[in-house]
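Novice: Enclosed is the structure file target25.cif (mmCIF, C-alpha atoms).
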```
data_query
loop_
_atom_site.group_PDB
_atom_site.id
_atom_site.type_symbol
_atom_site.label_atom_id
_atom_site.label_comp_id
_atom_site.auth_asym_id
_atom_site.auth_seq_id
_atom_site.Cartn_x
_atom_site.Cartn_y
_atom_site.Cartn_z
ATOM 1 C CA MET A 1 0.000 0.000 0.000
ATOM 2 C CA ASP A 2 1.489 3.345 -1.072
ATOM 3 C CA ARG A 3 0.814 6.375 1.102
ATOM 4 C CA VAL A 4 -0.179 9.774 -0.291
ATOM 5 C CA VAL A 5 -0.756 12.891 1.792
ATOM 6 C CA LEU A 6 -3.544 15.385 1.204
ATOM 7 C CA GLY A 7 -3.189 18.750 2.881
ATOM 8 C CA PHE A 8 -6.818 19.276 3.841
ATOM 9 C CA ASN A 9 -8.388 22.643 4.604
ATOM 10 C CA LYS A 10 -11.864 21.892 5.981
ATOM 11 C CA PHE A 11 -13.068 25.384 5.002
ATOM 12 C CA ALA A 12 -12.356 24.411 1.375
ATOM 13 C CA PHE A 13 -13.796 20.899 1.647
ATOM 14 C CA HIS A 14 -15.957 21.469 -1.443
ATOM 15 C CA TRP A 15 -12.810 21.396 -3.603
ATOM 16 C CA PHE A 16 -11.732 18.076 -2.096
ATOM 17 C CA PHE A 17 -15.079 16.324 -1.967
ATOM 18 C CA PRO A 18 -14.097 13.658 -4.557
ATOM 19 C CA GLU A 19 -11.128 12.841 -2.294
ATOM 20 C CA ILE A 20 -13.455 12.591 0.713
ATOM 21 C CA VAL A 21 -15.671 10.186 -1.224
ATOM 22 C CA ALA A 22 -12.650 8.168 -2.419
ATOM 23 C CA ILE A 23 -11.460 7.806 1.187
ATOM 24 C CA ASN A 24 -14.867 6.982 2.668
ATOM 25 C CA TYR A 25 -15.834 4.498 -0.041
ATOM 26 C CA GLY A 26 -12.478 2.741 -0.308
ATOM 27 C CA PHE A 27 -11.588 3.829 -3.854
ATOM 28 C CA PHE A 28 -8.013 4.738 -2.892
ATOM 29 C CA ALA A 29 -7.591 1.392 -1.166
ATOM 30 C CA GLU A 30 -8.882 -0.432 -4.259
ATOM 31 C CA ASN A 31 -5.936 1.056 -6.132
ATOM 32 C CA GLY A 32 -3.334 0.258 -3.495
ATOM 33 C CA LEU A 33 -3.236 3.736 -1.969
ATOM 34 C CA GLU A 34 -3.639 5.034 1.555
ATOM 35 C CA CYS A 35 -4.642 8.713 1.575
ATOM 36 C CA GLU A 36 -3.748 10.507 4.799
ATOM 37 C CA LEU A 37 -5.443 13.819 5.586
ATOM 38 C CA VAL A 38 -3.181 16.444 7.140
ATOM 39 C CA GLY A 39 -4.701 19.626 8.532
ATOM 40 C CA LEU A 40 -3.801 22.648 6.430
ATOM 41 C CA GLN A 41 -5.222 26.068 7.097
ATOM 42 C CA GLY A 42 -4.145 29.587 6.279
ATOM 43 C CA GLY A 43 -5.846 32.768 7.346
ATOM 44 C CA GLY A 44 -4.532 36.132 8.395
ATOM 45 C CA ALA A 45 -1.656 37.321 6.255
ATOM 46 C CA VAL A 46 -0.942 33.899 4.701
ATOM 47 C CA GLU A 47 -1.880 33.885 1.015
ATOM 48 C CA LYS A 48 -3.370 30.590 -0.164
ATOM 49 C CA SER A 49 -0.837 30.163 -2.948
ATOM 50 C CA ASP A 50 2.031 30.474 -0.477
ATOM 51 C CA LEU A 51 0.307 28.061 1.902
ATOM 52 C CA TYR A 52 -0.030 25.307 -0.709
ATOM 53 C CA VAL A 53 3.349 25.939 -2.324
ATOM 54 C CA ASP A 54 5.021 25.545 1.073
ATOM 55 C CA ALA A 55 2.899 22.514 1.961
ATOM 56 C CA MET A 56 3.956 20.661 -1.202
ATOM 57 C CA ARG A 57 7.598 21.553 -0.682
ATOM 58 C CA THR A 58 7.587 20.332 2.920
ATOM 59 C CA GLY A 59 5.596 17.140 2.363
ATOM 60 C CA ARG A 60 2.393 18.277 4.067
ATOM 61 C CA THR A 61 0.577 17.558 0.815
ATOM 62 C CA ASP A 62 1.367 15.446 -2.224
ATOM 63 C CA PHE A 63 -1.385 16.923 -4.370
ATOM 64 C CA TYR A 64 -3.968 19.679 -4.473
ATOM 65 C CA HIS A 65 -6.504 21.353 -6.765
ATOM 66 C CA CYS A 66 -6.405 24.941 -7.933
ATOM 67 C CA GLY A 67 -7.779 27.228 -10.613
ATOM 68 C CA GLU A 68 -5.888 27.469 -13.895
ATOM 69 C CA TRP A 69 -4.609 31.006 -13.213
ATOM 70 C CA VAL A 70 -3.500 29.949 -9.739
ATOM 71 C CA GLY A 71 -1.649 27.005 -11.233
ATOM 72 C CA VAL A 72 0.519 29.413 -13.224
ATOM 73 C CA VAL A 73 1.387 31.380 -10.080
ATOM 74 C CA ARG A 74 2.147 28.313 -7.999
ATOM 75 C CA PHE A 75 4.390 26.721 -10.593
ATOM 76 C CA LEU A 76 6.343 29.965 -10.893
ATOM 77 C CA LYS A 77 6.739 29.947 -7.089
ATOM 78 C CA ASN A 78 8.519 26.575 -7.357
ATOM 79 C CA THR A 79 5.916 24.445 -5.618
ATOM 80 C CA ALA A 80 7.941 21.200 -6.095
ATOM 81 C CA GLY A 81 5.152 19.819 -8.258
ATOM 82 C CA ARG A 82 3.587 20.068 -11.684
ATOM 83 C CA ILE A 83 0.184 20.140 -13.351
ATOM 84 C CA ALA A 84 -0.998 16.591 -13.983
ATOM 85 C CA ALA A 85 -4.626 16.909 -15.091
ATOM 86 C CA GLN A 86 -7.601 19.177 -15.650
ATOM 87 C CA SER A 87 -11.285 19.022 -14.708
ATOM 88 C CA LYS A 88 -13.270 21.177 -17.132
ATOM 89 C CA PRO A 89 -16.249 23.369 -16.223
ATOM 90 C CA ALA A 90 -19.640 21.993 -17.212
ATOM 91 C CA GLU A 91 -23.216 22.619 -16.133
ATOM 92 C CA GLY A 92 -23.602 21.917 -12.434
ATOM 93 C CA THR A 93 -19.882 21.583 -11.730
ATOM 94 C CA LEU A 94 -18.208 23.360 -8.846
ATOM 95 C CA ASN A 95 -15.867 25.412 -11.012
ATOM 96 C CA SER A 96 -18.808 26.836 -12.979
ATOM 97 C CA SER A 97 -20.608 28.022 -9.828
ATOM 98 C CA PHE A 98 -18.604 31.201 -9.096
ATOM 99 C CA THR A 99 -21.178 33.980 -8.723
ATOM 100 C CA ILE A 100 -20.961 37.579 -7.499
ATOM 101 C CA PHE A 101 -23.784 38.333 -5.052
ATOM 102 C CA VAL A 102 -25.049 41.599 -3.545
ATOM 103 C CA ARG A 103 -27.614 42.456 -0.886
ATOM 104 C CA GLY A 104 -31.130 43.010 -2.152
ATOM 105 C CA ASP A 105 -31.179 46.584 -0.864
ATOM 106 C CA ALA A 106 -27.835 47.564 -2.400
ATOM 107 C CA GLY A 107 -29.275 49.244 -5.485
ATOM 108 C CA ILE A 108 -27.100 47.059 -7.696
ATOM 109 C CA SER A 109 -28.862 45.298 -10.543
ATOM 110 C CA SER A 110 -26.176 44.687 -13.167
ATOM 111 C CA PRO A 111 -22.424 44.028 -13.335
ATOM 112 C CA ARG A 112 -21.904 47.606 -14.535
ATOM 113 C CA ASP A 113 -23.277 48.828 -11.179
ATOM 114 C CA LEU A 114 -20.285 47.160 -9.459
ATOM 115 C CA ALA A 115 -17.940 49.928 -10.661
ATOM 116 C CA GLY A 116 -15.970 51.137 -7.644
ATOM 117 C CA LYS A 117 -17.800 48.765 -5.284
ATOM 118 C CA THR A 118 -15.901 46.530 -2.885
ATOM 119 C CA ILE A 119 -16.095 42.891 -3.981
ATOM 120 C CA ALA A 120 -14.904 40.179 -1.599
ATOM 121 C CA VAL A 121 -12.597 37.586 -3.164
ATOM 122 C CA GLU A 122 -9.638 35.674 -1.769
ATOM 123 C CA ALA A 123 -6.097 36.513 -2.885
ATOM 124 C CA GLY A 124 -4.150 33.552 -4.221
ATOM 125 C CA THR A 125 -7.244 31.564 -5.206
ATOM 126 C CA GLY A 126 -9.517 31.151 -8.189
ATOM 127 C CA SER A 127 -12.076 33.570 -6.748
ATOM 128 C CA PHE A 128 -9.710 36.495 -7.361
ATOM 129 C CA TYR A 129 -8.943 35.599 -10.963
ATOM 130 C CA ALA A 130 -12.477 34.463 -11.823
ATOM 131 C CA ALA A 131 -13.918 37.754 -10.574
ATOM 132 C CA ARG A 132 -11.261 39.766 -12.415
ATOM 133 C CA ALA A 133 -11.841 37.910 -15.702
ATOM 134 C CA ASP A 134 -15.644 38.066 -15.436
ATOM 135 C CA LEU A 135 -15.753 41.754 -14.527
ATOM 136 C CA GLU A 136 -13.471 42.773 -17.386
ATOM 137 C CA HIS A 137 -16.405 42.255 -19.749
ATOM 138 C CA TYR A 138 -18.266 45.120 -18.034
ATOM 139 C CA LEU A 139 -15.774 47.358 -16.215
ATOM 140 C CA ARG A 140 -12.449 49.061 -16.816
ATOM 141 C CA ALA A 141 -9.541 47.767 -14.771
ATOM 142 C CA ASP A 142 -9.531 50.937 -12.637
ATOM 143 C CA GLU A 143 -13.221 50.402 -11.795
ATOM 144 C CA ILE A 144 -12.690 46.893 -10.375
ATOM 145 C CA ARG A 145 -12.185 46.977 -6.612
ATOM 146 C CA LEU A 146 -11.384 43.511 -5.241
ATOM 147 C CA VAL A 147 -10.949 43.030 -1.483
ATOM 148 C CA SER A 148 -9.356 39.867 -0.086
ATOM 149 C CA VAL A 149 -11.484 38.003 2.468
ATOM 150 C CA SER A 150 -10.262 34.508 3.319
ATOM 151 C CA GLU A 151 -12.612 31.540 2.705
ATOM 152 C CA PRO A 152 -16.017 31.674 0.974
ATOM 153 C CA HIS A 153 -18.099 31.417 4.159
ATOM 154 C CA GLU A 154 -16.252 34.478 5.483
ATOM 155 C CA ARG A 155 -17.075 36.345 2.270
ATOM 156 C CA LEU A 156 -20.731 35.442 2.801
ATOM 157 C CA LYS A 157 -20.564 36.835 6.345
ATOM 158 C CA ALA A 158 -18.800 39.992 5.200
ATOM 159 C CA LEU A 159 -21.550 40.669 2.663
ATOM 160 C CA MET A 160 -24.396 39.988 5.081
ATOM 161 C CA GLU A 161 -22.779 42.245 7.690
ATOM 162 C CA GLY A 162 -22.312 45.089 5.188
ATOM 163 C CA ARG A 163 -18.521 45.091 5.314
ATOM 164 C CA VAL A 164 -18.348 44.727 1.522
ATOM 165 C CA ASP A 165 -20.708 45.656 -1.296
ATOM 166 C CA ALA A 166 -20.515 42.299 -3.065
ATOM 167 C CA ALA A 167 -18.942 38.866 -2.681
ATOM 168 C CA ASN A 168 -17.741 36.176 -5.055
ATOM 169 C CA LEU A 169 -19.193 32.882 -3.784
ATOM 170 C CA LEU A 170 -19.275 29.327 -5.048
ATOM 171 C CA GLY A 171 -20.644 25.867 -4.389
ATOM 172 C CA PRO A 172 -22.627 25.462 -1.159
ATOM 173 C CA TRP A 173 -22.184 29.104 -0.179
ATOM 174 C CA ALA A 174 -23.692 30.320 -3.440
ATOM 175 C CA ARG A 175 -26.687 28.095 -2.693
ATOM 176 C CA VAL A 176 -26.968 29.488 0.837
ATOM 177 C CA ALA A 177 -26.661 33.055 -0.476
ATOM 178 C CA ALA A 178 -29.571 32.541 -2.863
ATOM 179 C CA ARG A 179 -31.692 30.964 -0.097
ATOM 180 C CA ILE A 180 -31.271 33.917 2.265
ATOM 181 C CA GLY A 181 -32.206 36.527 -0.323
ATOM 182 C CA LEU A 182 -28.882 37.711 -1.660
ATOM 183 C CA LYS A 183 -29.018 38.658 -5.332
ATOM 184 C CA PRO A 184 -26.729 37.208 -8.024
ATOM 185 C CA VAL A 185 -25.527 39.868 -10.452
ATOM 186 C CA LEU A 186 -22.797 38.012 -12.351
ATOM 187 C CA THR A 187 -22.344 34.266 -12.813
ATOM 188 C CA THR A 188 -18.978 33.221 -14.186
ATOM 189 C CA ARG A 189 -18.414 32.838 -17.901
ATOM 190 C CA ARG A 190 -15.150 30.988 -17.309
ATOM 191 C CA ASP A 191 -14.035 28.067 -19.377
ATOM 192 C CA ASN A 192 -10.929 27.665 -17.245
ATOM 193 C CA PRO A 193 -10.552 24.190 -15.761
ATOM 194 C CA THR A 194 -9.590 23.233 -12.257
ATOM 195 C CA LEU A 195 -6.070 21.782 -12.243
ATOM 196 C CA LEU A 196 -4.594 18.868 -10.339
ATOM 197 C CA PHE A 197 -1.092 19.535 -9.034
ATOM 198 C CA VAL A 198 1.014 16.526 -7.976
ATOM 199 C CA ALA A 199 4.365 16.503 -6.228
ATOM 200 C CA ASP A 200 7.428 15.567 -8.252
ATOM 201 C CA ARG A 201 8.275 12.978 -5.582
ATOM 202 C CA LEU A 202 5.278 10.812 -6.581
ATOM 203 C CA SER A 203 6.019 8.140 -9.174
ATOM 204 C CA ASP A 204 4.053 7.914 -12.413
ATOM 205 C CA ASP A 205 2.482 4.686 -11.174
ATOM 206 C CA VAL A 206 1.217 6.322 -7.969
ATOM 207 C CA VAL A 207 -0.124 9.362 -9.847
ATOM 208 C CA ALA A 208 -1.961 7.124 -12.325
ATOM 209 C CA ARG A 209 -3.623 5.217 -9.470
ATOM 210 C CA LEU A 210 -4.443 8.478 -7.704
ATOM 211 C CA VAL A 211 -6.240 9.846 -10.770
ATOM 212 C CA LYS A 212 -8.042 6.518 -11.276
ATOM 213 C CA SER A 213 -9.315 6.640 -7.666
ATOM 214 C CA LEU A 214 -10.538 10.221 -7.984
ATOM 215 C CA ASN A 215 -12.263 9.578 -11.296
ATOM 216 C CA LYS A 216 -14.169 6.654 -9.802
ATOM 217 C CA ALA A 217 -15.366 8.966 -7.015
ATOM 218 C CA ILE A 218 -16.360 11.596 -9.593
ATOM 219 C CA GLU A 219 -18.235 8.983 -11.638
ATOM 220 C CA ARG A 220 -20.210 7.921 -8.552
ATOM 221 C CA ILE A 221 -20.953 11.508 -7.488
ATOM 222 C CA ASN A 222 -22.148 12.514 -10.952
ATOM 223 C CA ALA A 223 -24.343 9.421 -11.302
ATOM 224 C CA ASN A 224 -26.289 10.198 -8.114
ATOM 225 C CA PRO A 225 -25.328 13.414 -6.272
ATOM 226 C CA ALA A 226 -28.195 12.981 -3.783
ATOM 227 C CA ALA A 227 -26.597 9.785 -2.482
ATOM 228 C CA PHE A 228 -23.703 11.843 -1.130
ATOM 229 C CA ASN A 229 -25.773 14.715 0.233
ATOM 230 C CA SER A 230 -25.553 13.730 3.900
ATOM 231 C CA LEU A 231 -21.749 13.437 3.735
ATOM 232 C CA TYR A 232 -21.497 16.796 1.966
ATOM 233 C CA LEU A 233 -23.869 18.513 4.395
ATOM 234 C CA LYS A 234 -21.865 17.197 7.332
ATOM 235 C CA TYR A 235 -18.967 19.348 6.200
ATOM 236 C CA VAL A 236 -21.190 22.327 5.359
ATOM 237 C CA MET A 237 -22.613 22.292 8.887
ATOM 238 C CA GLU A 238 -19.188 21.874 10.501
ATOM 239 C CA VAL A 239 -17.775 24.813 8.549
ATOM 240 C CA ALA A 240 -20.851 26.918 9.383
ATOM 241 C CA GLU A 241 -20.402 26.213 13.094
ATOM 242 C CA MET A 242 -16.633 26.740 13.059
ATOM 243 C CA GLY A 243 -17.035 29.911 11.024
ATOM 244 C CA GLY A 244 -19.757 31.398 13.207
ATOM 245 C CA LEU A 245 -22.455 31.558 10.532
ATOM 246 C CA ASN A 246 -26.030 32.308 11.533
ATOM 247 C CA GLY A 247 -27.706 28.917 11.912
ATOM 248 C CA SER A 248 -30.946 30.192 10.402
ATOM 249 C CA TRP A 249 -29.181 30.627 7.060
ATOM 250 C CA LEU A 250 -28.909 26.845 6.744
ATOM 251 C CA GLU A 251 -32.372 25.850 7.945
ATOM 252 C CA GLY A 252 -33.984 23.412 5.525
ATOM 253 C CA LEU A 253 -30.815 22.983 3.484
ATOM 254 C CA GLU A 254 -30.947 19.229 4.062
ATOM 255 C CA SER A 255 -34.060 19.057 1.872
ATOM 256 C CA GLU A 256 -32.003 20.126 -1.165
ATOM 257 C CA THR A 257 -29.327 18.297 -3.145
ATOM 258 C CA VAL A 258 -26.305 20.524 -2.643
ATOM 259 C CA VAL A 259 -23.550 18.284 -4.005
ATOM 260 C CA ASP A 260 -21.757 19.787 -7.006
ATOM 261 C CA ARG A 261 -20.736 17.605 -9.939
ATOM 262 C CA TRP A 262 -17.218 17.302 -11.355
ATOM 263 C CA SER A 263 -15.842 16.666 -14.807
ATOM 264 C CA PRO A 264 -13.412 13.718 -14.813
ATOM 265 C CA TRP A 265 -9.698 14.407 -14.576
ATOM 266 C CA GLU A 266 -8.140 14.262 -18.029
ATOM 267 C CA PRO A 267 -4.831 15.238 -19.698
ATOM 268 C CA TYR A 268 -3.913 18.918 -19.741
ATOM 269 C CA GLN A 269 -2.062 20.560 -22.609
ATOM 270 C CA TYR A 270 0.680 23.180 -22.284
ATOM 271 C CA SER A 271 -0.999 25.222 -25.040
ATOM 272 C CA ARG A 272 -3.831 25.979 -22.597
ATOM 273 C CA LEU A 273 -1.365 27.021 -19.922
ATOM 274 C CA ALA A 274 0.439 29.289 -22.382
ATOM 275 C CA HIS A 275 -2.859 30.944 -23.343
ATOM 276 C CA VAL A 276 -3.899 31.767 -19.775
ATOM 277 C CA SER A 277 -0.324 32.770 -18.893
ATOM 278 C CA ASN A 278 -0.345 35.326 -21.703
ATOM 279 C CA TRP A 279 -3.586 36.786 -20.297
ATOM 280 C CA MET A 280 -1.913 37.130 -16.894
ATOM 281 C CA LEU A 281 1.316 38.537 -18.319
ATOM 282 C CA GLU A 282 -0.575 41.239 -20.226
ATOM 283 C CA ARG A 283 -2.193 42.377 -16.958
ATOM 284 C CA GLY A 284 0.968 42.339 -14.878
ATOM 285 C CA LEU A 285 -0.259 39.429 -12.765
ATOM 286 C CA ILE A 286 2.919 37.418 -13.458
ATOM 287 C CA ALA A 287 6.411 38.486 -14.497
ATOM 288 C CA ARG A 288 7.314 35.602 -16.818
ATOM 289 C CA MET A 289 5.861 32.645 -18.679
ATOM 290 C CA PRO A 290 6.082 29.098 -17.310
ATOM 291 C CA GLY A 291 7.859 26.587 -19.541
ATOM 292 C CA GLU A 292 6.520 23.330 -20.927
ATOM 293 C CA GLU A 293 7.997 21.482 -17.942
ATOM 294 C CA ALA A 294 5.079 22.860 -15.884
ATOM 295 C CA VAL A 295 2.864 20.086 -17.275
ATOM 296 C CA ARG A 296 3.403 16.441 -16.327
ATOM 297 C CA SER A 297 1.843 13.918 -18.705
ATOM 298 C CA SER A 298 4.165 10.928 -18.511
ATOM 299 C CA PHE A 299 1.795 8.889 -16.323
ATOM 300 C CA TRP A 300 -1.187 8.958 -18.710
#
```
Output the file's structure in the form of structure tokens.

Specialist:
Amino acid sequence: MDRVVLGFNKFAFHWFFPEIVAINYGFFAENGLECELVGLQGGGAVEKSDLYVDAMRTGRTDFYHCGEWVGVVRFLKNTAGRIAAQSKPAEGTLNSSFTIFVRGDAGISSPRDLAGKTIAVEAGTGSFYAARADLEHYLRADEIRLVSVSEPHERLKALMEGRVDAANLLGPWARVAARIGLKPVLTTRRDNPTLLFVADRLSDDVVARLVKSLNKAIERINANPAAFNSLYLKYVMEVAEMGGLNGSWLEGLESETVVDRWSPWEPYQYSRLAHVSNWMLERGLIARMPGEEAVRSSFW
């Protein structure tokens, strides 16, 4: 049995739900893997990219997911790993759920009304880049005012408490936002996939079995999301309690299917990485282009 380590941030459990399913239903074990969860949490002045880059370097995680833009940044920060696979956006998938919400009384009815308004995102994560890319269709760069608020449930709180004018939410927190009367004004148009980063120290054989395990979990989730609702809601409720969310916001949530689907992990091409890197370079978000060595495909 080969051991792999997953640096697990409970506040971001929605990104790792296929891993949770693979652990709970024995899919890793079927492929000769033991997946160990190691607590990993940032907050404060720690940017998420730095947190995960350091965790991969120091062995506190052997793999993680991130948005395509974030993958460029993390590779350039020498994360001791490379991009192994992509999971594309599709209807009902987590990475297509990014939505900017406002309060109903904010007087904001269109993306253009967000000019100069504070919009909660999280630095070093996909929420920052998704919001930036989506808003560019409606606002000039100098009209976009992004404010970093760590973790999506904290962005929900910040919006409800009036500390920001808008918030970029996703997955379960977008569902909660809609239930409590917050208004969506811009749902992502992104076609950027989620990326799977794996540590260079993992052999091709281990990576291949890792991807096989995750894709079996994804297949099961997509076939019947409701079957995994109780497991998913367990984490939603734990995060809500840990994060100090108003319990009334979640009342009746168990009557809904809240599990997001995933597209299977598949090979990722450097041409895609070059395209998104050019977008970032043009906007001064990176200083140089990553090379072709950023993508690892030898295990496929």

Novice: Evaluate the PyMOL selection byres ((chain A and resi 183) around 8) here and jot the selected residues down as a list in words.

Specialist: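 Against this file, the PyMOL selection byres ((chain A and resi 183) around 8) returns the residues Phe101, Val102, Arg103, Gly104, Ala177, Ala178, Gly181, Leu182, Pro184 and Val185 of chain A.
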
Novice: Create the file for the chosen residues now, containing C-alpha atoms and written as an mmCIF file, in the coordinates of the input.

Specialist:
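In the end it all went to result-v4.cif:
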```cif
data_model
loop_
_atom_site.group_PDB
_atom_site.id
_atom_site.type_symbol
_atom_site.label_atom_id
_atom_site.label_comp_id
_atom_site.auth_asym_id
_atom_site.auth_seq_id
_atom_site.Cartn_x
_atom_site.Cartn_y
_atom_site.Cartn_z
ATOM 1 C CA PHE A 101 -23.784 38.333 -5.052
ATOM 2 C CA VAL A 102 -25.049 41.599 -3.545
ATOM 3 C CA ARG A 103 -27.614 42.456 -0.886
ATOM 4 C CA GLY A 104 -31.130 43.010 -2.152
ATOM 5 C CA ALA A 177 -26.661 33.055 -0.476
ATOM 6 C CA ALA A 178 -29.571 32.541 -2.863
ATOM 7 C CA GLY A 181 -32.206 36.527 -0.323
ATOM 8 C CA LEU A 182 -28.882 37.711 -1.660
ATOM 9 C CA PRO A 184 -26.729 37.208 -8.024
ATOM 10 C CA VAL A 185 -25.527 39.868 -10.452
#
```

Novice: Given the file shown, enumerate the residues that the PyMOL selection byres ((chain A and resi 246-257) around 10) captures and present them as JSON, numbers by chain.

Specialist: {"A": [157, 172, 173, 175, 176, 177, 179, 180, 181, 224, 225, 226, 227, 228, 229, 230, 232, 233, 234, 236, 237, 240, 241, 243, 244, 245, 258, 259, 260]}

Novice: So that I can see what lies close to region 275-289 of chain A, please list as a compact mmCIF listing (two decimals) with C-alpha atoms, in the frame of the given file the residues with an atom at most 10 Å from it, counting only C-alpha atoms and leaving out residues fewer than 5 positions away in the same chain.

Specialist:
```txt
# COMPACT_ATOMS: atom_id res chain seq x y z
CA GLU A 68 -5.89 27.47 -13.90
CA TRP A 69 -4.61 31.01 -13.21
CA GLY A 71 -1.65 27.00 -11.23
CA VAL A 72 0.52 29.41 -13.22
CA VAL A 73 1.39 31.38 -10.08
CA LEU A 76 6.34 29.96 -10.89
CA TYR A 129 -8.94 35.60 -10.96
CA ALA A 133 -11.84 37.91 -15.70
CA ALA A 141 -9.54 47.77 -14.77
CA ASN A 192 -10.93 27.66 -17.24
CA TYR A 270 0.68 23.18 -22.28
```

Novice: In Å, how far is it from CA of Leu114 (chain A) to CA of Asp134 (chain A)?

Specialist: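 Computing the Euclidean distance for CA of Leu114 (chain A) and CA of Asp134 (chain A) yields 11.8 Å.
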
Novice: Mind listing whatever residues come within 12 Å of the point (4.6, 28.2, -9.8)? Use only C-alpha atoms, file coordinates, and give them as a PDB file with C-alpha atoms, keeping the file's coordinate frame.

Specialist:
```
ATOM      1  CA  SER A  49      -0.837  30.163  -2.948  1.00  0.00           C
ATOM      2  CA  ASP A  50       2.031  30.474  -0.477  1.00  0.00           C
ATOM      3  CA  TYR A  52      -0.030  25.307  -0.709  1.00  0.00           C
ATOM      4  CA  VAL A  53       3.349  25.939  -2.324  1.00  0.00           C
ATOM      5  CA  ASP A  54       5.021  25.545   1.073  1.00  0.00           C
ATOM      6  CA  MET A  56       3.956  20.661  -1.202  1.00  0.00           C
ATOM      7  CA  ARG A  57       7.598  21.553  -0.682  1.00  0.00           C
ATOM      8  CA  CYS A  66      -6.405  24.941  -7.933  1.00  0.00           C
ATOM      9  CA  GLU A  68      -5.888  27.469 -13.895  1.00  0.00           C
ATOM     10  CA  TRP A  69      -4.609  31.006 -13.213  1.00  0.00           C
ATOM     11  CA  VAL A  70      -3.500  29.949  -9.739  1.00  0.00           C
ATOM     12  CA  GLY A  71      -1.649  27.005 -11.233  1.00  0.00           C
ATOM     13  CA  VAL A  72       0.519  29.413 -13.224  1.00  0.00           C
ATOM     14  CA  VAL A  73       1.387  31.380 -10.080  1.00  0.00           C
ATOM     15  CA  ARG A  74       2.147  28.313  -7.999  1.00  0.00           C
ATOM     16  CA  PHE A  75       4.390  26.721 -10.593  1.00  0.00           C
ATOM     17  CA  LEU A  76       6.343  29.965 -10.893  1.00  0.00           C
ATOM     18  CA  LYS A  77       6.739  29.947  -7.089  1.00  0.00           C
ATOM     19  CA  ASN A  78       8.519  26.575  -7.357  1.00  0.00           C
ATOM     20  CA  THR A  79       5.916  24.445  -5.618  1.00  0.00           C
ATOM     21  CA  ALA A  80       7.941  21.200  -6.095  1.00  0.00           C
ATOM     22  CA  GLY A  81       5.152  19.819  -8.258  1.00  0.00           C
ATOM     23  CA  ARG A  82       3.587  20.068 -11.684  1.00  0.00           C
ATOM     24  CA  ILE A  83       0.184  20.140 -13.351  1.00  0.00           C
ATOM     25  CA  GLY A 124      -4.150  33.552  -4.221  1.00  0.00           C
ATOM     26  CA  PHE A 197      -1.092  19.535  -9.034  1.00  0.00           C
ATOM     27  CA  LEU A 273      -1.365  27.021 -19.922  1.00  0.00           C
ATOM     28  CA  SER A 277      -0.324  32.770 -18.893  1.00  0.00           C
ATOM     29  CA  ILE A 286       2.919  37.418 -13.458  1.00  0.00           C
ATOM     30  CA  ALA A 287       6.411  38.486 -14.497  1.00  0.00           C
ATOM     31  CA  ARG A 288       7.314  35.602 -16.818  1.00  0.00           C
ATOM     32  CA  MET A 289       5.861  32.645 -18.679  1.00  0.00           C
ATOM     33  CA  PRO A 290       6.082  29.098 -17.310  1.00  0.00           C
ATOM     34  CA  GLY A 291       7.859  26.587 -19.541  1.00  0.00           C
ATOM     35  CA  GLU A 293       7.997  21.482 -17.942  1.00  0.00           C
ATOM     36  CA  ALA A 294       5.079  22.860 -15.884  1.00  0.00           C
ATOM     37  CA  VAL A 295       2.864  20.086 -17.275  1.00  0.00           C
TER      38      VAL A 295
END
```

Novice: Could you check which of A:Asp2, A:Phe11, A:Phe299, A:Gly39 is closest to Asp200 (chain A), using all atoms listed in the file?

Specialist: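 Comparing A:Asp2, A:Phe11, A:Phe299, A:Gly39 against Asp200 (chain A), the winner is A:Phe299.
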
Novice: Calculated over all atoms listed in the file, which of the candidates A:Ile20, A:Val149, A:Val239, A:Leu51 has the smallest distance to Arg163 (chain A)?

Specialist: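 Checking each candidate against Arg163 (chain A), we get A:Val149 as the closest.
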
Novice: Residues picked by the PyMOL selection byres ((chain A and resi 147) around 9) here, as an MDAnalysis selection string?

Specialist: chainID A and resid 118:123 128 145:146 148:149 164

Novice: Output C-alpha atoms for every residue in the selection just made, as a JSON list (two decimals), keeping the file's coordinate frame.

Specialist:
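Dumped to again.json:
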```json
[["chain", "number", "residue", "atom", "x", "y", "z"],
["A", 118, "THR", "CA", -15.90, 46.53, -2.88],
["A", 119, "ILE", "CA", -16.10, 42.89, -3.98],
["A", 120, "ALA", "CA", -14.90, 40.18, -1.60],
["A", 121, "VAL", "CA", -12.60, 37.59, -3.16],
["A", 122, "GLU", "CA", -9.64, 35.67, -1.77],
["A", 123, "ALA", "CA", -6.10, 36.51, -2.88],
["A", 128, "PHE", "CA", -9.71, 36.49, -7.36],
["A", 145, "ARG", "CA", -12.18, 46.98, -6.61],
["A", 146, "LEU", "CA", -11.38, 43.51, -5.24],
["A", 148, "SER", "CA", -9.36, 39.87, -0.09],
["A", 149, "VAL", "CA", -11.48, 38.00, 2.47],
["A", 164, "VAL", "CA", -18.35, 44.73, 1.52]]
```

Novice: Which residues are close to region 91-93 of chain A, i.e. within 8 Å by only C-alpha atoms, leaving aside same-chain residues fewer than 5 positions away? Reply as a VMD selection string.

Specialist: chain A and resid 260 to 263

Novice: Would you mind exporting the chosen residues as a PDB file, in the frame of the given file, restricted to C-alpha atoms?

Specialist:
```pdb
ATOM      1  CA  ASP A 260     -21.757  19.787  -7.006  1.00  0.00           C
ATOM      2  CA  ARG A 261     -20.736  17.605  -9.939  1.00  0.00           C
ATOM      3  CA  TRP A 262     -17.218  17.302 -11.355  1.00  0.00           C
ATOM      4  CA  SER A 263     -15.842  16.666 -14.807  1.00  0.00           C
TER       5      SER A 263
END
```

Novice: With all atoms listed in the file as the counted atoms, please give the residues lying no more than 10 Å from Ala84 (chain A), apart from itself and same-chain residues fewer than 4 positions off, as a ChimeraX atom specification.

Specialist: /A:63,195-199,207-208,211,265-269,294-300
